[in-house]
Amino acid sequence: MGELRAGERVRVRAGDPAGHTRVPRYVRGQIGRIVESQGSWALADEVAAGVAEPRVEPVYTVAFAAADLWGEGDHEVTVDLWESYIEPVRKDET
Amino acid sequence: MSGEHTSAPVAARVRRLEERLIEAGVVGEEQLDAALAAMLKGASPVNGARIVARAWVDEGFRARLLDDANAALPEVGLSMAGGIQEQRLKVVENTETAHHVIVCTLCSCYPIGLLGPSPSWYKSEAYRSRVVREPRAVLAEFGLELPADTAVTVWDSSAESRYLVLPRRPDGTAGMSEPELAALVTREGLIGTAAV
Amino acid sequence: MSRVNDVGGQTGFGALEIEADEPPFHADWEARVFALNSVLVRNGVYRLDEFRDAVERMDPQEYLATSYYERWLKAIETLLAERKVLADG
């Protein structure tokens, strides 16, 4: 996956890993919008699992509409997600 | 809810653990004392208030702070290297039409190295569960009622960035000095659960 | 599986309890646990994400019945035991 740009849409992978992860369950499977890149950081899942040289990946701030997450609300929630946690969404996908 | 334990047995358990770790050479007694002293002395909401006051009086600093907070902090004698590891700081600015509020739903991430420990309510399940879902109701419990047309953004600190809210400068403060302005800023204002 | 710490959006935790003029710590031992954890991470005994993992692995009933810094203490004890940092006893 190349560098994602502000405004691009991504879907959060819906997996439910057995160990430590930093994907809150309330965004799993949800579509959000890239706000910005935060640079690259060691993947928390691998650090927590004791991997000696954990993958270093881009982390993105991703914004979600409250109405999508909860079915109500006019606010936005942003979540900071490692690249492994998300996948691009095709333009025609909803 | 810590009703099953009174404080004294826990304190003894902590002291015993420290002694055993010192005895085994895993940590140094001076090292522990120094970490404790540095944290109690250096990290405080006063740091956040100073950042905010500078941003209110210095437009250039405000722009640099919002663009790259880590690079701007040394201008006020601060850095993000005070915690366990250097983290990225992201400052989000409240405006007439936008309000920001910070949370960590998975644990309790907070710019501790800069501001000191977060308040208990910030770490509570009640705040962490609710603020992402009904921020306006949560803010109202703090006495902060936002106009219906104010856009609310909740920032869930789920990775390596830590967040700080830049509140709006209150009306009627035009003549105030930077230290006077800093004295207006509260810890809640820096989290986004108060206006200032 | 989703863990007990992952509470975003859940209901049932009630109203906020906001303490006016709350001090950084409520007891000396809380500050000592805080400092001890930072030194253990700095000394390379474990990493911060391993610490978070150890907090999350607590029994859910125990997690919810335990105060914040007692969870920290429990996680430190768990990690030290798993790594056999200290002799038994």
# chains A, B, ... in the order shown; residues from 1 in each chain; ligands from 1

call {"tool": "residues_around", "arguments": {"residues": "Arg16 of chain B", "least_positions_apart": "2", "cutoff": "12 Å", "atoms": "only C-alpha atoms", "output": "NGL selection string"}}
result
(:B and (9-14 or 18-23)) or (:C and (29 or 32-33 or 73 or 77 or 89))

call {"tool": "residues_around", "arguments": {"residues": "Glu30 of chain C", "least_positions_apart": "4", "cutoff": "12 Å", "atoms": "only C-alpha atoms", "output": "count of residues only"}}
result
25

call {"tool": "closest_residue", "arguments": {"among": "A:Val56, A:Val51, A:Val62, A:Val10", "to": "chain C", "atoms": "only C-alpha atoms"}}
result
A:Val51

call {"tool": "closest_residue", "arguments": {"among": "B:Val138, B:Leu89, B:Val132, B:Leu184", "to": "Glu72 of chain A", "atoms": "only C-alpha atoms"}}
result
B:Val132

call {"tool": "select_by_dssp", "arguments": {"residues": "chain C", "states": "helix (DSSP H, G or I)", "output": "ChimeraX atom specification"}}
result
/C:28-42,48-56,60-65,68-82

call {"tool": "closest_atom_pairs", "arguments": {"of": "chain B", "to": "chain C", "cutoff": "6 Å", "atoms": "only C-alpha atoms", "output": "tab-separated table"}}
result
residue	atom	partner	partner_atom	distance
B:Met1	CA	C:Ala65	CA	5.6
B:Ser2	CA	C:Ser67	CA	5.1
B:Ala11	CA	C:Trp29	CA	5.1
B:Ala35	CA	C:Ala35	CA	5.6
B:Leu36	CA	C:Ala35	CA	5.2
B:Ile84	CA	C:Ser38	CA	5.8
B:Thr105	CA	C:Gly8	CA	5.1
B:Leu106	CA	C:Asp6	CA	5.0
B:Pro117	CA	C:Pro24	CA	5.7
B:Trp121	CA	C:Ile18	CA	5.9
B:Ala126	CA	C:Phe13	CA	4.8
B:Arg128	CA	C:Gly8	CA	5.8
B:Ser129	CA	C:Gly8	CA	4.1
B:Arg130	CA	C:Gly9	CA	5.8
B:Arg133	CA	C:Gly9	CA	5.4

call {"tool": "closest_atom_pairs", "arguments": {"of": "chain A", "to": "chain B", "cutoff": "12 Å", "atoms": "only C-alpha atoms", "output": "JSON lines"}}
result
{"residue": "A:His20", "atom": "CA", "partner": "B:Leu106", "partner_atom": "CA", "distance": 10.5}
{"residue": "A:Thr21", "atom": "CA", "partner": "B:Leu106", "partner_atom": "CA", "distance": 9.3}
{"residue": "A:Arg22", "atom": "CA", "partner": "B:Ser158", "partner_atom": "CA", "distance": 5.9}
{"residue": "A:Val23", "atom": "CA", "partner": "B:Ser158", "partner_atom": "CA", "distance": 7.4}
{"residue": "A:Pro24", "atom": "CA", "partner": "B:Leu106", "partner_atom": "CA", "distance": 6.7}
{"residue": "A:Arg25", "atom": "CA", "partner": "B:Leu106", "partner_atom": "CA", "distance": 9.6}
{"residue": "A:Tyr26", "atom": "CA", "partner": "B:Val132", "partner_atom": "CA", "distance": 9.5}
{"residue": "A:Val27", "atom": "CA", "partner": "B:Val132", "partner_atom": "CA", "distance": 11.0}
{"residue": "A:Val35", "atom": "CA", "partner": "B:Trp155", "partner_atom": "CA", "distance": 11.5}
{"residue": "A:Glu36", "atom": "CA", "partner": "B:Lys90", "partner_atom": "CA", "distance": 11.0}
{"residue": "A:Ser37", "atom": "CA", "partner": "B:Ser161", "partner_atom": "CA", "distance": 10.8}
{"residue": "A:Gln38", "atom": "CA", "partner": "B:Ser161", "partner_atom": "CA", "distance": 7.6}
{"residue": "A:Gly39", "atom": "CA", "partner": "B:Arg88", "partner_atom": "CA", "distance": 9.2}
{"residue": "A:Ser40", "atom": "CA", "partner": "B:Glu160", "partner_atom": "CA", "distance": 9.5}
{"residue": "A:Trp41", "atom": "CA", "partner": "B:Glu160", "partner_atom": "CA", "distance": 7.3}
{"residue": "A:Ala42", "atom": "CA", "partner": "B:Glu160", "partner_atom": "CA", "distance": 9.2}
{"residue": "A:Leu43", "atom": "CA", "partner": "B:Ala159", "partner_atom": "CA", "distance": 9.1}
{"residue": "A:Ala44", "atom": "CA", "partner": "B:Ala159", "partner_atom": "CA", "distance": 8.0}
{"residue": "A:Asp45", "atom": "CA", "partner": "B:Ala159", "partner_atom": "CA", "distance": 10.9}
{"residue": "A:Glu57", "atom": "CA", "partner": "B:Ala159", "partner_atom": "CA", "distance": 11.6}
{"residue": "A:Pro58", "atom": "CA", "partner": "B:Ala159", "partner_atom": "CA", "distance": 10.9}
{"residue": "A:Val59", "atom": "CA", "partner": "B:Ala159", "partner_atom": "CA", "distance": 7.7}
{"residue": "A:Tyr60", "atom": "CA", "partner": "B:Ala159", "partner_atom": "CA", "distance": 9.1}
{"residue": "A:Thr61", "atom": "CA", "partner": "B:Trp155", "partner_atom": "CA", "distance": 9.1}
{"residue": "A:Val62", "atom": "CA", "partner": "B:Trp155", "partner_atom": "CA", "distance": 9.7}
{"residue": "A:Ala63", "atom": "CA", "partner": "B:Thr153", "partner_atom": "CA", "distance": 8.8}
{"residue": "A:Phe64", "atom": "CA", "partner": "B:Thr153", "partner_atom": "CA", "distance": 9.6}
{"residue": "A:Ala65", "atom": "CA", "partner": "B:Thr153", "partner_atom": "CA", "distance": 9.5}
{"residue": "A:Ala66", "atom": "CA", "partner": "B:Arg133", "partner_atom": "CA", "distance": 7.1}
{"residue": "A:Ala67", "atom": "CA", "partner": "B:Arg133", "partner_atom": "CA", "distance": 9.6}
{"residue": "A:Asp68", "atom": "CA", "partner": "B:Arg133", "partner_atom": "CA", "distance": 11.1}
{"residue": "A:Leu69", "atom": "CA", "partner": "B:Arg133", "partner_atom": "CA", "distance": 8.3}
{"residue": "A:Trp70", "atom": "CA", "partner": "B:Arg133", "partner_atom": "CA", "distance": 6.9}
{"residue": "A:Gly71", "atom": "CA", "partner": "B:Arg133", "partner_atom": "CA", "distance": 9.9}
{"residue": "A:Glu72", "atom": "CA", "partner": "B:Arg133", "partner_atom": "CA", "distance": 8.6}
{"residue": "A:Gly73", "atom": "CA", "partner": "B:Glu134", "partner_atom": "CA", "distance": 7.2}
{"residue": "A:Asp74", "atom": "CA", "partner": "B:Ala151", "partner_atom": "CA", "distance": 7.7}
{"residue": "A:His75", "atom": "CA", "partner": "B:Val152", "partner_atom": "CA", "distance": 4.9}
{"residue": "A:Glu76", "atom": "CA", "partner": "B:Thr153", "partner_atom": "CA", "distance": 4.8}
{"residue": "A:Val77", "atom": "CA", "partner": "B:Val154", "partner_atom": "CA", "distance": 4.7}
{"residue": "A:Thr78", "atom": "CA", "partner": "B:Trp155", "partner_atom": "CA", "distance": 4.9}
{"residue": "A:Val79", "atom": "CA", "partner": "B:Asp156", "partner_atom": "CA", "distance": 5.1}
{"residue": "A:Asp80", "atom": "CA", "partner": "B:Ser158", "partner_atom": "CA", "distance": 5.2}
{"residue": "A:Leu81", "atom": "CA", "partner": "B:Ala159", "partner_atom": "CA", "distance": 6.7}
{"residue": "A:Trp82", "atom": "CA", "partner": "B:Ala159", "partner_atom": "CA", "distance": 7.8}
{"residue": "A:Glu83", "atom": "CA", "partner": "B:Ala159", "partner_atom": "CA", "distance": 11.5}
{"residue": "A:Tyr85", "atom": "CA", "partner": "B:Ala159", "partner_atom": "CA", "distance": 11.7}

call {"tool": "write_last_selection", "arguments": {"atoms": "C-alpha atoms", "output": "PDB file, in the first residue's frame"}}
result
ATOM      1  CA  HIS A  20      -2.670  -6.964  22.129  1.00  0.00           C
ATOM      2  CA  THR A  21      -3.815  -4.617  19.383  1.00  0.00           C
ATOM      3  CA  ARG A  22      -4.580  -0.925  19.058  1.00  0.00           C
ATOM      4  CA  VAL A  23      -7.718  -1.175  16.934  1.00  0.00           C
ATOM      5  CA  PRO A  24     -10.696  -0.251  19.094  1.00  0.00           C
ATOM      6  CA  ARG A  25     -13.561  -2.600  18.322  1.00  0.00           C
ATOM      7  CA  TYR A  26     -15.938   0.269  17.561  1.00  0.00           C
ATOM      8  CA  VAL A  27     -14.129   1.034  14.278  1.00  0.00           C
ATOM      9  CA  VAL A  35      -6.772  13.069   8.057  1.00  0.00           C
ATOM     10  CA  GLU A  36      -2.977  12.923   8.049  1.00  0.00           C
ATOM     11  CA  SER A  37       0.058  10.701   8.304  1.00  0.00           C
ATOM     12  CA  GLN A  38       1.888  10.614  11.646  1.00  0.00           C
ATOM     13  CA  GLY A  39       5.129   9.155  10.310  1.00  0.00           C
ATOM     14  CA  SER A  40       6.218   5.568  10.940  1.00  0.00           C
ATOM     15  CA  TRP A  41       6.154   3.724  14.236  1.00  0.00           C
ATOM     16  CA  ALA A  42       6.775   0.174  15.460  1.00  0.00           C
ATOM     17  CA  LEU A  43       3.618  -1.925  15.216  1.00  0.00           C
ATOM     18  CA  ALA A  44       2.259  -2.209  18.764  1.00  0.00           C
ATOM     19  CA  ASP A  45       0.890  -5.731  18.229  1.00  0.00           C
ATOM     20  CA  GLU A  57       4.782   1.142   9.539  1.00  0.00           C
ATOM     21  CA  PRO A  58       3.046   4.416   8.704  1.00  0.00           C
ATOM     22  CA  VAL A  59       0.395   5.440  11.221  1.00  0.00           C
ATOM     23  CA  TYR A  60      -2.574   7.478  10.017  1.00  0.00           C
ATOM     24  CA  THR A  61      -5.141   9.614  11.765  1.00  0.00           C
ATOM     25  CA  VAL A  62      -8.481   8.404  10.389  1.00  0.00           C
ATOM     26  CA  ALA A  63     -11.783  10.251  10.916  1.00  0.00           C
ATOM     27  CA  PHE A  64     -15.108   8.468  11.256  1.00  0.00           C
ATOM     28  CA  ALA A  65     -18.604   9.955  11.223  1.00  0.00           C
ATOM     29  CA  ALA A  66     -20.482   9.284  14.450  1.00  0.00           C
ATOM     30  CA  ALA A  67     -23.580   8.435  12.407  1.00  0.00           C
ATOM     31  CA  ASP A  68     -21.612   5.583  10.755  1.00  0.00           C
ATOM     32  CA  LEU A  69     -20.258   4.279  14.063  1.00  0.00           C
ATOM     33  CA  TRP A  70     -23.325   4.614  16.253  1.00  0.00           C
ATOM     34  CA  GLY A  71     -26.245   5.308  13.933  1.00  0.00           C
ATOM     35  CA  GLU A  72     -26.591   8.746  15.487  1.00  0.00           C
ATOM     36  CA  GLY A  73     -24.620  11.822  16.463  1.00  0.00           C
ATOM     37  CA  ASP A  74     -23.256  14.755  14.434  1.00  0.00           C
ATOM     38  CA  HIS A  75     -19.644  14.580  15.619  1.00  0.00           C
ATOM     39  CA  GLU A  76     -16.523  12.927  14.243  1.00  0.00           C
ATOM     40  CA  VAL A  77     -14.204  10.509  16.004  1.00  0.00           C
ATOM     41  CA  THR A  78     -10.594  10.165  14.909  1.00  0.00           C
ATOM     42  CA  VAL A  79      -8.585   7.014  15.598  1.00  0.00           C
ATOM     43  CA  ASP A  80      -4.852   6.541  15.000  1.00  0.00           C
ATOM     44  CA  LEU A  81      -4.285   3.389  12.951  1.00  0.00           C
ATOM     45  CA  TRP A  82      -1.224   1.521  11.735  1.00  0.00           C
ATOM     46  CA  GLU A  83      -1.169   0.700   8.014  1.00  0.00           C
ATOM     47  CA  TYR A  85      -5.089  -2.169  10.311  1.00  0.00           C
TER      48      TYR A  85
END

call {"tool": "select_by_dssp", "arguments": {"residues": "segment 14-44 of chain A", "states": "strand (DSSP E or B)", "output": "ChimeraX atom specification"}}
result
/A:31-42

call {"tool": "residues_around", "arguments": {"residues": "Glu93 of chain A", "least_positions_apart": "5", "cutoff": "12 Å", "atoms": "only C-alpha atoms", "output": "list in words"}}
result
Arg9, Val10, Arg11, Ile31 and Pro88 of chain A

call {"tool": "atom_distance", "arguments": {"atom1": "atom CA of Gly50 of chain A", "atom2": "atom CA of Pro60 of chain C"}}
result
22.8 Å

call {"tool": "residues_around", "arguments": {"residues": "segment 60-62 of chain B", "least_positions_apart": "4", "cutoff": "10 Å", "atoms": "only C-alpha atoms", "output": "number ranges by chain"}}
result
B: 51-56, 66-67, 69, 72-73, 75-76, 91, 93, 166

call {"tool": "write_last_selection", "arguments": {"atoms": "N, CA and C atoms", "output": "JSON list (two decimals), in the first residue's frame"}}
result
[["chain", "number", "residue", "atom", "x", "y", "z"],
["B", 51, "ILE", "N", 2.10, 26.90, 27.04],
["B", 51, "ILE", "CA", 2.05, 26.71, 25.58],
["B", 51, "ILE", "C", 0.86, 27.48, 25.00],
["B", 52, "VAL", "N", -0.28, 27.34, 25.66],
["B", 52, "VAL", "CA", -1.51, 27.98, 25.18],
["B", 52, "VAL", "C", -1.36, 29.51, 25.22],
["B", 53, "ALA", "N", -0.86, 30.02, 26.34],
["B", 53, "ALA", "CA", -0.72, 31.48, 26.47],
["B", 53, "ALA", "C", 0.20, 32.04, 25.39],
["B", 54, "ARG", "N", 1.31, 31.32, 25.12],
["B", 54, "ARG", "CA", 2.21, 31.79, 24.07],
["B", 54, "ARG", "C", 1.52, 31.81, 22.71],
["B", 55, "ALA", "N", 0.74, 30.74, 22.46],
["B", 55, "ALA", "CA", 0.04, 30.66, 21.17],
["B", 55, "ALA", "C", -0.99, 31.79, 21.04],
["B", 56, "TRP", "N", -1.56, 32.21, 22.16],
["B", 56, "TRP", "CA", -2.55, 33.29, 22.13],
["B", 56, "TRP", "C", -1.91, 34.66, 21.81],
["B", 66, "LEU", "N", 0.77, 24.37, 15.66],
["B", 66, "LEU", "CA", -0.26, 23.56, 15.01],
["B", 66, "LEU", "C", 0.35, 22.72, 13.89],
["B", 67, "ASP", "N", 1.42, 23.24, 13.28],
["B", 67, "ASP", "CA", 2.05, 22.53, 12.16],
["B", 67, "ASP", "C", 2.91, 21.37, 12.66],
["B", 69, "ALA", "N", 4.12, 20.39, 16.56],
["B", 69, "ALA", "CA", 4.22, 20.77, 17.97],
["B", 69, "ALA", "C", 5.57, 20.38, 18.56],
["B", 72, "ALA", "N", 8.02, 22.99, 17.84],
["B", 72, "ALA", "CA", 7.73, 24.31, 18.41],
["B", 72, "ALA", "C", 7.96, 24.36, 19.93],
["B", 73, "LEU", "N", 7.81, 23.21, 20.62],
["B", 73, "LEU", "CA", 7.88, 23.23, 22.09],
["B", 73, "LEU", "C", 9.17, 23.83, 22.66],
["B", 75, "GLU", "N", 10.68, 26.33, 21.92],
["B", 75, "GLU", "CA", 10.57, 27.79, 21.98],
["B", 75, "GLU", "C", 10.05, 28.25, 23.34],
["B", 76, "VAL", "N", 9.31, 27.37, 24.04],
["B", 76, "VAL", "CA", 8.86, 27.73, 25.39],
["B", 76, "VAL", "C", 9.58, 26.87, 26.44],
["B", 91, "VAL", "N", -1.34, 19.24, 18.38],
["B", 91, "VAL", "CA", -2.18, 20.25, 19.02],
["B", 91, "VAL", "C", -3.37, 20.54, 18.11],
["B", 93, "GLU", "N", -6.86, 22.85, 17.53],
["B", 93, "GLU", "CA", -7.28, 24.20, 17.91],
["B", 93, "GLU", "C", -8.80, 24.37, 17.90],
["B", 166, "LEU", "N", -5.86, 23.35, 22.04],
["B", 166, "LEU", "CA", -5.59, 24.78, 22.16],
["B", 166, "LEU", "C", -6.95, 25.48, 22.28]]

call {"tool": "closest_residue", "arguments": {"among": "A:Ala48, A:Ala6, A:Met1, A:Ile86", "to": "Gly19 of chain A", "atoms": "only C-alpha atoms"}}
result
A:Ala48

call {"tool": "closest_residue", "arguments": {"among": "C:Arg57, C:Glu62, C:Phe51, C:Tyr46", "to": "Lys84 of chain C", "atoms": "only C-alpha atoms"}}
result
C:Tyr46

call {"tool": "decode", "arguments": {"residues": "segment 51-73 of chain C", "atoms": "N, CA and C atoms", "output": "tab-separated table (two decimals), in the first residue's frame"}}
result
chain	number	residue	atom	x	y	z
C	51	PHE	N	3.78	-3.94	28.62
C	51	PHE	CA	3.11	-3.53	29.86
C	51	PHE	C	1.61	-3.37	29.63
C	52	ARG	N	1.24	-2.67	28.54
C	52	ARG	CA	-0.19	-2.50	28.24
C	52	ARG	C	-0.86	-3.87	28.09
C	53	ASP	N	-0.16	-4.76	27.39
C	53	ASP	CA	-0.69	-6.12	27.18
C	53	ASP	C	-0.93	-6.83	28.51
C	54	ALA	N	0.02	-6.65	29.44
C	54	ALA	CA	-0.11	-7.31	30.74
C	54	ALA	C	-1.31	-6.76	31.53
C	55	VAL	N	-1.57	-5.45	31.39
C	55	VAL	CA	-2.76	-4.88	32.05
C	55	VAL	C	-4.02	-5.50	31.45
C	56	GLU	N	-4.03	-5.60	30.12
C	56	GLU	CA	-5.23	-6.10	29.43
C	56	GLU	C	-5.49	-7.59	29.69
C	57	ARG	N	-4.43	-8.32	29.99
C	57	ARG	CA	-4.58	-9.77	30.22
C	57	ARG	C	-5.16	-10.10	31.59
C	58	MET	N	-5.31	-9.07	32.44
C	58	MET	CA	-5.90	-9.34	33.76
C	58	MET	C	-7.26	-9.98	33.60
C	59	ASP	N	-7.63	-10.79	34.56
C	59	ASP	CA	-8.98	-11.34	34.60
C	59	ASP	C	-9.97	-10.18	34.56
C	60	PRO	N	-10.96	-10.23	33.64
C	60	PRO	CA	-11.87	-9.09	33.48
C	60	PRO	C	-12.57	-8.66	34.77
C	61	GLN	N	-12.98	-9.63	35.57
C	61	GLN	CA	-13.64	-9.28	36.85
C	61	GLN	C	-12.67	-8.52	37.75
C	62	GLU	N	-11.45	-9.03	37.80
C	62	GLU	CA	-10.44	-8.40	38.65
C	62	GLU	C	-10.10	-7.00	38.11
C	63	TYR	N	-9.97	-6.91	36.78
C	63	TYR	CA	-9.65	-5.62	36.15
C	63	TYR	C	-10.65	-4.56	36.58
C	64	LEU	N	-11.93	-4.89	36.45
C	64	LEU	CA	-12.97	-3.90	36.73
C	64	LEU	C	-13.11	-3.59	38.22
C	65	ALA	N	-12.60	-4.49	39.07
C	65	ALA	CA	-12.73	-4.29	40.51
C	65	ALA	C	-11.47	-3.67	41.12
C	66	THR	N	-10.49	-3.34	40.27
C	66	THR	CA	-9.18	-2.91	40.77
C	66	THR	C	-8.92	-1.46	40.39
C	67	SER	N	-8.31	-0.72	41.28
C	67	SER	CA	-8.02	0.69	41.00
C	67	SER	C	-6.92	0.80	39.94
C	68	TYR	N	-6.83	1.98	39.35
C	68	TYR	CA	-5.94	2.20	38.21
C	68	TYR	C	-4.49	1.80	38.50
C	69	TYR	N	-3.91	2.33	39.56
C	69	TYR	CA	-2.49	2.04	39.81
C	69	TYR	C	-2.28	0.64	40.39
C	70	GLU	N	-3.33	0.05	40.97
C	70	GLU	CA	-3.19	-1.36	41.37
C	70	GLU	C	-3.12	-2.26	40.13
C	71	ARG	N	-3.84	-1.87	39.06
C	71	ARG	CA	-3.69	-2.61	37.79
C	71	ARG	C	-2.25	-2.54	37.31
C	72	TRP	N	-1.68	-1.35	37.44
C	72	TRP	CA	-0.28	-1.19	37.03
C	72	TRP	C	0.63	-2.10	37.84
C	73	LEU	N	0.42	-2.11	39.16
C	73	LEU	CA	1.25	-2.93	40.04
C	73	LEU	C	1.11	-4.40	39.67
